[in-house]
Amino acid sequence: MHIILSHIGDLLAGFGVTIELTLLGFVGAVILGTLLAVFRVVPVTPLRVVGAIYVEFFRNIPLLALLILVIFGLPDVGVTYSLFVSATICLALSGAAFVCEAMRSGINTVPVGQAEAARAIGLTFVQSLRHVILPQAFRTMVQPLVNVFIGVALSSSLAAAVGVSELTNRTQQLNLKYAEAVGSFLVAGVLYLLLAMTGGGAGGWLERRLAIRR
Amino acid sequence: MRQLLATRRRCGRPVALSVAIALTLVVTGACANSKDNGLPGAGNSGDSAKAYDSIITGSPVADAGAIQAGSWADKIKQRGFMRVGGTDAGPLFSIKDPVTGRLTGFDAGLSQMLAHYITGGKDILKLTKLTITTVDTREKLIQNNSVDAVFATYTITPERAKKVAFAGQYYESGDAIMVKKGNSAITKVADLNGRTVATESNSTASLALKKFAPKAKVLLFTEDAQCVAAVQQGRADAYVLDQGILISDASTNKAVSVVGQPFTKEPYGVGVPHDDAAAKKFVNDWLQKIYADGSWAKLWKATIGSIVSGDAPEPPAIGSADGS
């Protein structure tokens with residue numbers, strides 16, 4: 001255990017990289033996913049097709065395969081990003097497919113009658129979206145989005161396999177030298193747990209804030 | 001709004017699906033191609049398979065008196081096969097033929113020889129049962145008795161020797177340097193300072209780099225092929241790993257070359273339970289036997305010797321490594 005304590009700085013630095021990967025990947029996923037969700041609900045067929053193809057592709061390809069394609073495939077056609085940037089892009093691309101579906105199902109939970117009632121009392125399209133549809137839709141999206149956040153946080157560990165020196169990668173290095181697999185992965189596991197639980201806690205807080213008191 | 005909400009009808013799902021499938025096929029196809037680095041696996045077909053088998057079955061078998069009742073070896077003998085920890089994806093050392101299911105290579109061959117020595121069995125496929133181990137699991141799997149022994153290019157180190165006992169060493173290798181062909185700026189390990197160097201995350205080469213080229217920026221990949229690609233694509237200036245593996249890569253990939261001589265000594269040992277001194281002595285005695293009767297040299301020639309030219313070297317002295 002003293003080996004882990006004396007290398008805790010190294011592990012925490014790796015945890016910092018994991019947090020960066022998670023936050024950047026999740027924010028990227030939310031931005032891209034929102035755009036895709038709009039694509040999937042607009043009454044323009046080509047955009048809906050683009051949205052559907054994107055979701056079917058990026059939701060169904062393993063993240064590790066995507067990482068290897070971006071890191072070792074793209075340089076062959078002359079595009080080389082740093083390992084960290086590549087991993088962030090992959091997390092965002094993959095997460096966006098899940099965010100898109102969470103958003104779409106959120107929008108679909110609001111009954112059509114709500115929109116019709118909003119129009120009937122004279123609200124404009126934008127007003128009915130802002131005051132009637134989205135507030136109700138967002139409430140149901142919170143937990144699915146927390147799931148995506150946790151998914152991004154945990155799958156960021158796959159970046160270890162392609163050389164990003166985040167938490168898992170540094171844990172493996174520590175173990176390589178000191179042969180303390182159980183202890184070092186226990187510490188890494190606790191750190192991942194903290195990250196995921198922070199995300200879950202923030203989601204719970206947001207959900208309570210948005211709850212309707214009936 | 002009505003339009004926004006009224007779009008839940010089917011939207012080109014069959015198209016999307018078939019495109020996704022087509023893309024996946026392209027992707028997997030590309031991966032399969034890049035994986036095929038044409039390494040000559042030892043004994044994949046016909047005659048060479050028989051030659052490999054005859055090396056194993058021609059190796060010594062223990063005398064009845066050599067195996068004490070209730071000992072580590074006796075348990076393996078009673079069971080009829082040895083539970084081995086190792087890999088099935090290590091070129092030259094332990095690689096599985098996906099078609100025939102045969103495991104061949106220097107480490108795999110030694111594990112089969114040891115099982116043959118204990119059980120006397122002649123069927124190579126039934127001599128050993130492989131459990132895939134990684135750097136993270138090797139010590140634990142020995143400690144909790146999930147495997148009898150680990151043959152996995154297992155470098156003997158004093159830290160690891162606190163957890164498991166090492167028989168051997170049975171092979172000594174060293175880390176060398178691979179660069180892109182035409183790169184004359186790197187010829188020795190000191191030249192790696194300040195440069196980006198790739199290596200496998202599960203090898204001790206990254207520790208060696210910290211020692212010999214502390215200012216090098218190290219990139220860690222899980223697989224050999226990824227490290228080679230990193231050098232080829234310019235992501236890394238050099239790739240450091242066991243010389244034998246680098247030579248085998250360079251023999252099939254003309255874009256890279258191996259420079260200089262090895263700068264470390266990596267003694268490979270057989271991992272056995274830490275508290276079982278008899279097991280360690282048993283394996284060491286067996287190693288002496290296969291050194292003496294030439295089985296070790298024949299196996300070297302059939303596996304590592306298919307890449308490295310020249311005759312088999314002198315086997316390393318047993319117990320000479322720190323930790324063995």
# chains A, B, ... in the order shown; residues from 1 in each chain; ligands from 1

call {"tool": "closest_atom_pairs", "arguments": {"of": "chain A", "to": "chain B", "cutoff": "6 Å", "atoms": "only C-alpha atoms", "output": "tab-separated table"}}
result
residue	atom	partner	partner_atom	distance
A:Val41	CA	B:Thr7	CA	5.9
A:Val42	CA	B:Leu4	CA	5.7
A:Ile53	CA	B:Ala16	CA	4.6
A:Phe57	CA	B:Ala20	CA	5.1
A:Phe125	CA	B:Met1	CA	6.0
A:Ala161	CA	B:Thr222	CA	5.4
A:Val162	CA	B:Phe221	CA	5.1
A:Gly163	CA	B:Leu220	CA	4.4
A:Tyr178	CA	B:Glu159	CA	5.7
A:Ala179	CA	B:Arg160	CA	5.9
A:Ala181	CA	B:Asp136	CA	5.5

call {"tool": "residues_around", "arguments": {"residues": "Leu36 of chain A", "least_positions_apart": "5", "cutoff": "10 Å", "atoms": "only C-alpha atoms", "output": "number ranges by chain"}}
result
A: 30-31, 41, 47-48, 50-52, 54-55, 96-97, 99-101, 103-104

call {"tool": "atom_distance", "arguments": {"atom1": "atom CA of Gly28 of chain A", "atom2": "atom CA of Ala92 of chain A"}}
result
5.0 Å

call {"tool": "atom_distance", "arguments": {"atom1": "atom CA of Phe98 of chain A", "atom2": "atom CA of Ala160 of chain A"}}
result
22.3 Å
